[in-house]
$ cat final.pdb   # PDB, C-alpha atoms
ATOM      1  CA  MET A  15      34.288 138.379  64.227  1.00  0.00           C
ATOM      2  CA  PRO A  16      36.539 140.951  65.931  1.00  0.00           C
ATOM      3  CA  ALA A  17      34.979 142.527  69.025  1.00  0.00           C
ATOM      4  CA  ILE A  18      34.618 145.948  67.432  1.00  0.00           C
ATOM      5  CA  ASP A  19      32.615 144.514  64.544  1.00  0.00           C
ATOM      6  CA  ARG A  20      30.174 142.963  67.025  1.00  0.00           C
ATOM      7  CA  LEU A  21      29.965 146.211  69.030  1.00  0.00           C
ATOM      8  CA  ILE A  22      29.272 148.261  65.912  1.00  0.00           C
ATOM      9  CA  ASP A  23      26.598 145.787  64.779  1.00  0.00           C
ATOM     10  CA  GLU A  24      24.946 146.021  68.213  1.00  0.00           C
ATOM     11  CA  VAL A  25      24.911 149.838  68.115  1.00  0.00           C
ATOM     12  CA  ILE A  26      23.517 149.909  64.576  1.00  0.00           C
ATOM     13  CA  ASP A  27      20.856 147.315  65.440  1.00  0.00           C
ATOM     14  CA  ARG A  28      19.842 149.320  68.508  1.00  0.00           C
ATOM     15  CA  GLU A  29      19.874 152.693  66.750  1.00  0.00           C
ATOM     16  CA  GLY A  30      18.060 151.421  63.666  1.00  0.00           C
ATOM     17  CA  GLY A  31      17.703 153.187  60.364  1.00  0.00           C
ATOM     18  CA  TYR A  32      16.574 156.681  59.512  1.00  0.00           C
ATOM     19  CA  VAL A  33      15.046 158.760  62.335  1.00  0.00           C
ATOM     20  CA  ASN A  34      14.195 162.445  62.575  1.00  0.00           C
ATOM     21  CA  HIS A  35      12.747 162.839  66.074  1.00  0.00           C
ATOM     22  CA  PRO A  36      11.532 166.389  66.753  1.00  0.00           C
ATOM     23  CA  ALA A  37      13.083 166.459  70.253  1.00  0.00           C
ATOM     24  CA  ASP A  38      16.519 165.305  69.031  1.00  0.00           C
ATOM     25  CA  ARG A  39      18.891 168.260  68.707  1.00  0.00           C
ATOM     26  CA  GLY A  40      21.053 166.144  66.402  1.00  0.00           C
ATOM     27  CA  GLY A  41      18.413 166.315  63.690  1.00  0.00           C
ATOM     28  CA  PRO A  42      18.117 163.487  61.172  1.00  0.00           C
ATOM     29  CA  THR A  43      20.102 160.357  61.935  1.00  0.00           C
ATOM     30  CA  ASN A  44      20.664 157.073  60.178  1.00  0.00           C
ATOM     31  CA  TRP A  45      22.227 154.007  61.815  1.00  0.00           C
ATOM     32  CA  GLY A  46      22.732 156.307  64.827  1.00  0.00           C
ATOM     33  CA  ILE A  47      24.961 158.702  62.854  1.00  0.00           C
ATOM     34  CA  THR A  48      23.874 162.344  63.040  1.00  0.00           C
ATOM     35  CA  LEU A  49      23.693 164.624  60.037  1.00  0.00           C
ATOM     36  CA  ALA A  50      26.613 166.733  61.306  1.00  0.00           C
ATOM     37  CA  VAL A  51      28.870 163.700  61.798  1.00  0.00           C
ATOM     38  CA  ALA A  52      27.925 162.271  58.404  1.00  0.00           C
ATOM     39  CA  ARG A  53      28.752 165.600  56.734  1.00  0.00           C
ATOM     40  CA  GLN A  54      32.102 165.832  58.552  1.00  0.00           C
ATOM     41  CA  HIS A  55      32.950 162.409  57.142  1.00  0.00           C
ATOM     42  CA  GLY A  56      32.038 163.163  53.555  1.00  0.00           C
ATOM     43  CA  HIS A  57      28.398 162.107  53.200  1.00  0.00           C
ATOM     44  CA  ALA A  58      26.748 164.762  51.040  1.00  0.00           C
ATOM     45  CA  GLY A  59      23.445 163.027  50.303  1.00  0.00           C
ATOM     46  CA  ASP A  60      20.163 162.670  52.107  1.00  0.00           C
ATOM     47  CA  MET A  61      20.516 160.961  55.487  1.00  0.00           C
ATOM     48  CA  ARG A  62      18.002 158.330  54.379  1.00  0.00           C
ATOM     49  CA  ASP A  63      20.626 157.205  51.856  1.00  0.00           C
ATOM     50  CA  LEU A  64      23.595 156.896  54.243  1.00  0.00           C
ATOM     51  CA  PRO A  65      24.998 153.438  53.511  1.00  0.00           C
ATOM     52  CA  ARG A  66      25.362 151.103  56.466  1.00  0.00           C
ATOM     53  CA  SER A  67      28.967 150.477  55.434  1.00  0.00           C
ATOM     54  CA  GLU A  68      29.699 154.201  55.729  1.00  0.00           C
ATOM     55  CA  ALA A  69      28.209 154.244  59.231  1.00  0.00           C
ATOM     56  CA  VAL A  70      30.365 151.244  60.169  1.00  0.00           C
ATOM     57  CA  GLY A  71      33.488 153.093  58.994  1.00  0.00           C
ATOM     58  CA  ILE A  72      32.537 156.199  60.971  1.00  0.00           C
ATOM     59  CA  TYR A  73      31.957 154.182  64.137  1.00  0.00           C
ATOM     60  CA  ARG A  74      35.298 152.389  63.744  1.00  0.00           C
ATOM     61  CA  ARG A  75      37.333 155.554  63.058  1.00  0.00           C
ATOM     62  CA  LEU A  76      35.597 158.121  65.238  1.00  0.00           C
ATOM     63  CA  TYR A  77      34.426 156.069  68.215  1.00  0.00           C
ATOM     64  CA  TRP A  78      36.986 153.238  68.460  1.00  0.00           C
ATOM     65  CA  LEU A  79      40.359 154.045  66.919  1.00  0.00           C
ATOM     66  CA  ARG A  80      40.615 157.829  67.386  1.00  0.00           C
ATOM     67  CA  PRO A  81      39.870 157.759  71.137  1.00  0.00           C
ATOM     68  CA  ALA A  82      42.204 154.736  71.587  1.00  0.00           C
ATOM     69  CA  PHE A  83      39.483 152.432  72.900  1.00  0.00           C
ATOM     70  CA  ASP A  84      41.181 149.724  70.835  1.00  0.00           C
ATOM     71  CA  ARG A  85      44.164 150.082  73.183  1.00  0.00           C
ATOM     72  CA  ILE A  86      41.870 149.749  76.196  1.00  0.00           C
ATOM     73  CA  ALA A  87      40.424 146.571  74.634  1.00  0.00           C
ATOM     74  CA  GLN A  88      43.871 144.961  74.692  1.00  0.00           C
ATOM     75  CA  ARG A  89      43.824 145.301  78.489  1.00  0.00           C
ATOM     76  CA  ALA A  90      40.151 145.250  79.449  1.00  0.00           C
ATOM     77  CA  PRO A  91      37.696 144.268  76.686  1.00  0.00           C
ATOM     78  CA  ALA A  92      34.498 144.762  78.713  1.00  0.00           C
ATOM     79  CA  LEU A  93      35.656 148.229  79.739  1.00  0.00           C
ATOM     80  CA  ALA A  94      36.480 149.093  76.122  1.00  0.00           C
ATOM     81  CA  ALA A  95      32.995 147.973  75.058  1.00  0.00           C
ATOM     82  CA  GLU A  96      31.445 150.224  77.714  1.00  0.00           C
ATOM     83  CA  LEU A  97      33.620 153.176  76.688  1.00  0.00           C
ATOM     84  CA  PHE A  98      32.693 152.653  73.031  1.00  0.00           C
ATOM     85  CA  ASP A  99      28.973 152.610  73.832  1.00  0.00           C
ATOM     86  CA  THR A 100      29.284 155.639  76.105  1.00  0.00           C
ATOM     87  CA  GLY A 101      31.366 157.436  73.475  1.00  0.00           C
ATOM     88  CA  VAL A 102      28.765 156.812  70.783  1.00  0.00           C
ATOM     89  CA  ASN A 103      26.078 158.409  72.949  1.00  0.00           C
ATOM     90  CA  MET A 104      27.986 161.150  74.745  1.00  0.00           C
ATOM     91  CA  GLY A 105      31.156 161.625  72.748  1.00  0.00           C
ATOM     92  CA  PRO A 106      34.430 159.721  73.085  1.00  0.00           C
ATOM     93  CA  ALA A 107      36.068 162.470  75.172  1.00  0.00           C
ATOM     94  CA  VAL A 108      33.261 162.228  77.730  1.00  0.00           C
ATOM     95  CA  ALA A 109      33.732 158.450  77.935  1.00  0.00           C
ATOM     96  CA  ALA A 110      37.499 158.887  78.363  1.00  0.00           C
ATOM     97  CA  THR A 111      36.878 161.511  81.066  1.00  0.00           C
ATOM     98  CA  PHE A 112      34.662 159.044  82.941  1.00  0.00           C
ATOM     99  CA  LEU A 113      37.487 156.487  82.851  1.00  0.00           C
ATOM    100  CA  GLN A 114      40.079 159.017  84.027  1.00  0.00           C
ATOM    101  CA  ARG A 115      37.857 160.238  86.860  1.00  0.00           C
ATOM    102  CA  ALA A 116      37.216 156.661  87.989  1.00  0.00           C
ATOM    103  CA  LEU A 117      40.902 155.760  87.873  1.00  0.00           C
ATOM    104  CA  ASN A 118      41.803 158.857  89.923  1.00  0.00           C
ATOM    105  CA  ALA A 119      39.118 158.105  92.502  1.00  0.00           C
ATOM    106  CA  LEU A 120      40.133 154.440  92.781  1.00  0.00           C
ATOM    107  CA  ASN A 121      43.896 154.912  93.233  1.00  0.00           C
ATOM    108  CA  ARG A 122      43.728 155.022  97.056  1.00  0.00           C
ATOM    109  CA  GLY A 123      45.079 158.524  97.502  1.00  0.00           C
ATOM    110  CA  ALA A 124      47.582 158.150  94.664  1.00  0.00           C
ATOM    111  CA  SER A 125      49.274 155.258  96.464  1.00  0.00           C
ATOM    112  CA  ASP A 126      48.678 152.790  93.599  1.00  0.00           C
ATOM    113  CA  TYR A 127      49.607 155.229  90.809  1.00  0.00           C
ATOM    114  CA  PRO A 128      49.680 159.017  90.438  1.00  0.00           C
ATOM    115  CA  ASP A 129      46.562 161.046  89.761  1.00  0.00           C
ATOM    116  CA  MET A 130      46.270 162.088  86.146  1.00  0.00           C
ATOM    117  CA  LEU A 131      44.939 165.159  84.411  1.00  0.00           C
ATOM    118  CA  VAL A 132      41.315 164.532  83.440  1.00  0.00           C
ATOM    119  CA  ASP A 133      41.497 165.729  79.845  1.00  0.00           C
ATOM    120  CA  GLY A 134      39.363 163.220  77.934  1.00  0.00           C
ATOM    121  CA  ALA A 135      42.345 161.949  75.945  1.00  0.00           C
ATOM    122  CA  ILE A 136      43.615 158.407  76.386  1.00  0.00           C
ATOM    123  CA  GLY A 137      47.372 158.365  76.115  1.00  0.00           C
ATOM    124  CA  PRO A 138      50.356 156.835  77.895  1.00  0.00           C
ATOM    125  CA  VAL A 139      49.455 158.225  81.340  1.00  0.00           C
ATOM    126  CA  THR A 140      45.890 156.884  81.266  1.00  0.00           C
ATOM    127  CA  LEU A 141      47.026 153.528  79.884  1.00  0.00           C
ATOM    128  CA  SER A 142      49.739 153.243  82.537  1.00  0.00           C
ATOM    129  CA  ALA A 143      47.244 154.037  85.298  1.00  0.00           C
ATOM    130  CA  LEU A 144      44.854 151.442  83.867  1.00  0.00           C
ATOM    131  CA  ASP A 145      47.635 148.855  83.759  1.00  0.00           C
ATOM    132  CA  ASP A 146      48.587 149.605  87.372  1.00  0.00           C
ATOM    133  CA  PHE A 147      44.949 149.519  88.492  1.00  0.00           C
ATOM    134  CA  LEU A 148      44.301 146.175  86.803  1.00  0.00           C
ATOM    135  CA  ALA A 149      47.517 144.680  88.201  1.00  0.00           C
ATOM    136  CA  THR A 150      46.622 145.847  91.712  1.00  0.00           C
ATOM    137  CA  ARG A 151      42.929 144.935  91.663  1.00  0.00           C
ATOM    138  CA  SER A 152      43.159 141.711  89.608  1.00  0.00           C
ATOM    139  CA  ALA A 153      40.086 140.200  87.980  1.00  0.00           C
ATOM    140  CA  SER A 154      37.516 142.359  89.775  1.00  0.00           C
ATOM    141  CA  GLY A 155      39.172 145.603  88.688  1.00  0.00           C
ATOM    142  CA  GLU A 156      37.675 145.677  85.210  1.00  0.00           C
ATOM    143  CA  THR A 157      34.192 144.985  86.592  1.00  0.00           C
ATOM    144  CA  VAL A 158      34.519 147.846  89.071  1.00  0.00           C
ATOM    145  CA  LEU A 159      35.665 150.262  86.351  1.00  0.00           C
ATOM    146  CA  VAL A 160      32.722 149.294  84.137  1.00  0.00           C
ATOM    147  CA  LYS A 161      30.369 149.952  87.072  1.00  0.00           C
ATOM    148  CA  ALA A 162      32.017 153.326  87.726  1.00  0.00           C
ATOM    149  CA  VAL A 163      31.641 154.382  84.079  1.00  0.00           C
ATOM    150  CA  ASP A 164      28.013 153.153  84.142  1.00  0.00           C
ATOM    151  CA  ALA A 165      27.317 155.218  87.257  1.00  0.00           C
ATOM    152  CA  LEU A 166      28.769 158.370  85.712  1.00  0.00           C
ATOM    153  CA  GLN A 167      26.868 157.737  82.491  1.00  0.00           C
ATOM    154  CA  GLY A 168      23.569 157.260  84.327  1.00  0.00           C
ATOM    155  CA  GLU A 169      24.043 160.428  86.338  1.00  0.00           C
ATOM    156  CA  ARG A 170      24.717 162.380  83.172  1.00  0.00           C
ATOM    157  CA  TYR A 171      21.590 161.021  81.463  1.00  0.00           C
ATOM    158  CA  LEU A 172      19.454 162.053  84.428  1.00  0.00           C
ATOM    159  CA  ARG A 173      21.040 165.518  84.468  1.00  0.00           C
ATOM    160  CA  LEU A 174      20.390 165.925  80.730  1.00  0.00           C
ATOM    161  CA  ALA A 175      16.712 165.115  81.237  1.00  0.00           C
ATOM    162  CA  GLU A 176      16.459 167.441  84.228  1.00  0.00           C
ATOM    163  CA  GLN A 177      18.106 170.313  82.366  1.00  0.00           C
ATOM    164  CA  ARG A 178      16.111 169.890  79.159  1.00  0.00           C
ATOM    165  CA  PRO A 179      12.648 168.366  79.590  1.00  0.00           C
ATOM    166  CA  ALA A 180      12.537 167.410  75.882  1.00  0.00           C
ATOM    167  CA  ASN A 181      15.263 164.860  76.688  1.00  0.00           C
ATOM    168  CA  GLU A 182      12.787 162.987  78.862  1.00  0.00           C
ATOM    169  CA  ALA A 183      11.574 161.459  75.593  1.00  0.00           C
ATOM    170  CA  PHE A 184      14.889 159.598  75.403  1.00  0.00           C
ATOM    171  CA  LEU A 185      15.743 158.940  79.057  1.00  0.00           C
ATOM    172  CA  TYR A 186      14.036 155.564  79.420  1.00  0.00           C
ATOM    173  CA  GLY A 187      15.758 154.213  76.309  1.00  0.00           C
ATOM    174  CA  TRP A 188      19.111 155.658  77.337  1.00  0.00           C
ATOM    175  CA  LEU A 189      18.915 153.919  80.701  1.00  0.00           C
ATOM    176  CA  ALA A 190      17.373 150.686  79.461  1.00  0.00           C
ATOM    177  CA  HIS A 191      19.780 150.066  76.627  1.00  0.00           C
ATOM    178  CA  ARG A 192      23.040 151.572  77.726  1.00  0.00           C
ATOM    179  CA  ILE A 193      23.572 151.095  81.419  1.00  0.00           C
ATOM    180  CA  GLY A 194      24.861 147.812  82.808  1.00  0.00           C
TER     181      GLY A 194
END

$ encode --input "final.pdb" --output "C-alpha cells"
Amino acid sequence: MPAIDRLIDEVIDREGGYVNHPADRGGPTNWGITLAVARQHGHAGDMRDLPRSEAVGIYRRLYWLRPAFDRIAQRAPALAAELFDTGVNMGPAVAATFLQRALNALNRGASDYPDMLVDGAIGPVTLSALDDFLATRSASGETVLVKAVDALQGERYLRLAEQRPANEAFLYGWLAHRIG
C-alpha cells in the first residue's frame, strides 16, 4: 500500500463518520471532510451520504498532491506524513509555513542555504532548502524537522483554545492524536 493510502486511512479512521458537533465552526463533517470542502469538490448531497471513496479522493488531491507533500515524501517520508496530518487539521498552507519557518530557523544564519520567503507554498526554493538541510544534517535532520513542525502545531492548538473557549472541547483530542 502506498504511504499516502495508509495516511488517508489513518485520518479517516481517526475522524470517523458523520459528526455535527455544535462547537465545530466547520459544521457537519463526514470522514473528516467539512461541508464547505465537500461542496467545493462537487458533493451536493447530505453530508451523511458522502462516500468514503470521495473523501479519499479529496484528501489525496487537496491535502497531498496540491501542496506538494508528495514531493516532500520523496525526500523525507516521516516529515511528509506530519505535514499531511497538519494540513488536514490546519490547512496545507499552514503546514507548509511551519516547514518553511523551521527551515529558515535551522539554517545557521543562512550559512547552510539562503532564507526563503515564508509563503505557505512548497516549490523549488523550499525543496532545495530541504535538500540542503537533509544533506547537512544527515539522518537526524528529518526527525528534528518533524519535532519543529509538531512544536508549531501544538502552539497553534493551544492558541486556538485560548482565543476561542469553545475550542477547548477539541484541544485534548488535537494534542493526543496529532502531536508526536

$ residues_around --input "final.pdb" --residues "Ala110 (chain A)" --least-positions-apart "2" --cutoff "9 Å" --atoms "all atoms listed in the file" --output "ChimeraX atom specification"
/A:81,83,97,101,105-108,112-115,132-136

$ residues_around --input "final.pdb" --residues "Gln167 (chain A)" --least-positions-apart "2" --cutoff "12 Å" --atoms "all atoms listed in the file" --output "number ranges by chain"
A: 96-97, 99-105, 108-113, 116, 160-165, 169-174, 185, 188-189, 191-194

$ closest_residue --input "final.pdb" --among "A:Ala124, A:Asp146, A:Ile22, A:Gln88" --to "Ser67 (chain A)" --atoms "only C-alpha atoms"
A:Ile22

$ atom_distance --input "final.pdb" --atom1 "CA of Leu93 (chain A)" --atom2 "CA of Arg28 (chain A)"
19.4 Å

$ residues_around --input "final.pdb" --residues "Val51 (chain A)" --least-positions-apart "4" --cutoff "12 Å" --atoms "only C-alpha atoms" --output "list in words"
Gly40, Gly41, Pro42, Thr43, Asn44, Trp45, Gly46, Ile47, His55, Gly56, His57, Ala58, Met61, Leu64, Glu68, Ala69, Gly71, Ile72, Tyr73, Arg75, Leu76, Tyr77, Val102 and Gly105 of chain A

$ write_last_selection --input "final.pdb" --atoms "C-alpha atoms" --output "PDB file, in the coordinates of the input"
ATOM      1  CA  GLY A  40      21.053 166.144  66.402  1.00  0.00           C
ATOM      2  CA  GLY A  41      18.413 166.315  63.690  1.00  0.00           C
ATOM      3  CA  PRO A  42      18.117 163.487  61.172  1.00  0.00           C
ATOM      4  CA  THR A  43      20.102 160.357  61.935  1.00  0.00           C
ATOM      5  CA  ASN A  44      20.664 157.073  60.178  1.00  0.00           C
ATOM      6  CA  TRP A  45      22.227 154.007  61.815  1.00  0.00           C
ATOM      7  CA  GLY A  46      22.732 156.307  64.827  1.00  0.00           C
ATOM      8  CA  ILE A  47      24.961 158.702  62.854  1.00  0.00           C
ATOM      9  CA  HIS A  55      32.950 162.409  57.142  1.00  0.00           C
ATOM     10  CA  GLY A  56      32.038 163.163  53.555  1.00  0.00           C
ATOM     11  CA  HIS A  57      28.398 162.107  53.200  1.00  0.00           C
ATOM     12  CA  ALA A  58      26.748 164.762  51.040  1.00  0.00           C
ATOM     13  CA  MET A  61      20.516 160.961  55.487  1.00  0.00           C
ATOM     14  CA  LEU A  64      23.595 156.896  54.243  1.00  0.00           C
ATOM     15  CA  GLU A  68      29.699 154.201  55.729  1.00  0.00           C
ATOM     16  CA  ALA A  69      28.209 154.244  59.231  1.00  0.00           C
ATOM     17  CA  GLY A  71      33.488 153.093  58.994  1.00  0.00           C
ATOM     18  CA  ILE A  72      32.537 156.199  60.971  1.00  0.00           C
ATOM     19  CA  TYR A  73      31.957 154.182  64.137  1.00  0.00           C
ATOM     20  CA  ARG A  75      37.333 155.554  63.058  1.00  0.00           C
ATOM     21  CA  LEU A  76      35.597 158.121  65.238  1.00  0.00           C
ATOM     22  CA  TYR A  77      34.426 156.069  68.215  1.00  0.00           C
ATOM     23  CA  VAL A 102      28.765 156.812  70.783  1.00  0.00           C
ATOM     24  CA  GLY A 105      31.156 161.625  72.748  1.00  0.00           C
TER      25      GLY A 105
END

$ atom_distance --input "final.pdb" --atom1 "CA of Asp84 (chain A)" --atom2 "CA of Gly137 (chain A)"
11.9 Å

$ residues_around --input "final.pdb" --residues "Asp126 (chain A)" --least-positions-apart "3" --cutoff "10 Å" --atoms "only C-alpha atoms" --output "PyMOL selection string"
chain A and resi 118+120-123+129+143+146-147+149-151

$ closest_residue --input "final.pdb" --among "A:Gly31, A:Arg74, A:Gly59, A:Thr48" --to "Ile18 (chain A)" --atoms "only C-alpha atoms"
A:Arg74

$ closest_residue --input "final.pdb" --among "A:Val70, A:Ala90, A:Val158, A:Ala153" --to "Leu117 (chain A)" --atoms "all atoms listed in the file"
A:Val158

$ atom_distance --input "final.pdb" --atom1 "CA of Pro36 (chain A)" --atom2 "CA of Phe184 (chain A)"
11.5 Å

$ residues_near_point --input "final.pdb" --point "(51.4, 158.5, 83.5)" --cutoff "9 Å" --atoms "only C-alpha atoms" --output "number ranges by chain"
A: 127-130, 137-143

$ axis_aligned_box --input "final.pdb" --around "region 123-137 of chain A" --padding-each-side "4 Å" --output "JSON"
{"center_x": 44.5, "center_y": 159.3, "center_z": 86.7, "size_x": 18.3, "size_y": 20.9, "size_z": 29.6}

$ closest_residue --input "final.pdb" --among "A:Pro65, A:Ala50, A:Ala95, A:Ile86" --to "Leu148 (chain A)" --atoms "only C-alpha atoms"
A:Ile86

$ decode --input "final.pdb" --residues "region 90-109 of chain A" --atoms "C-alpha atoms" --output "tab-separated table (two decimals), in the first residue's frame"
chain	number	residue	atom	x	y	z
A	90	ALA	CA	11.61	12.77	3.93
A	91	PRO	CA	8.61	10.43	4.32
A	92	ALA	CA	8.07	10.99	8.05
A	93	LEU	CA	8.09	14.75	7.52
A	94	ALA	CA	5.61	14.42	4.65
A	95	ALA	CA	3.30	12.36	6.88
A	96	GLU	CA	3.45	15.06	9.57
A	97	LEU	CA	2.78	17.82	7.03
A	98	PHE	CA	-0.18	15.88	5.63
A	99	ASP	CA	-1.70	15.41	9.09
A	100	THR	CA	-1.07	19.05	10.00
A	101	GLY	CA	-2.50	20.17	6.65
A	102	VAL	CA	-5.67	18.15	7.18
A	103	ASN	CA	-6.27	19.87	10.52
A	104	MET	CA	-4.97	23.38	9.89
A	105	GLY	CA	-4.80	23.71	6.13
A	106	PRO	CA	-1.94	22.71	3.82
A	107	ALA	CA	-0.59	26.27	3.58
A	108	VAL	CA	-0.24	26.42	7.37
A	109	ALA	CA	1.66	23.11	7.35
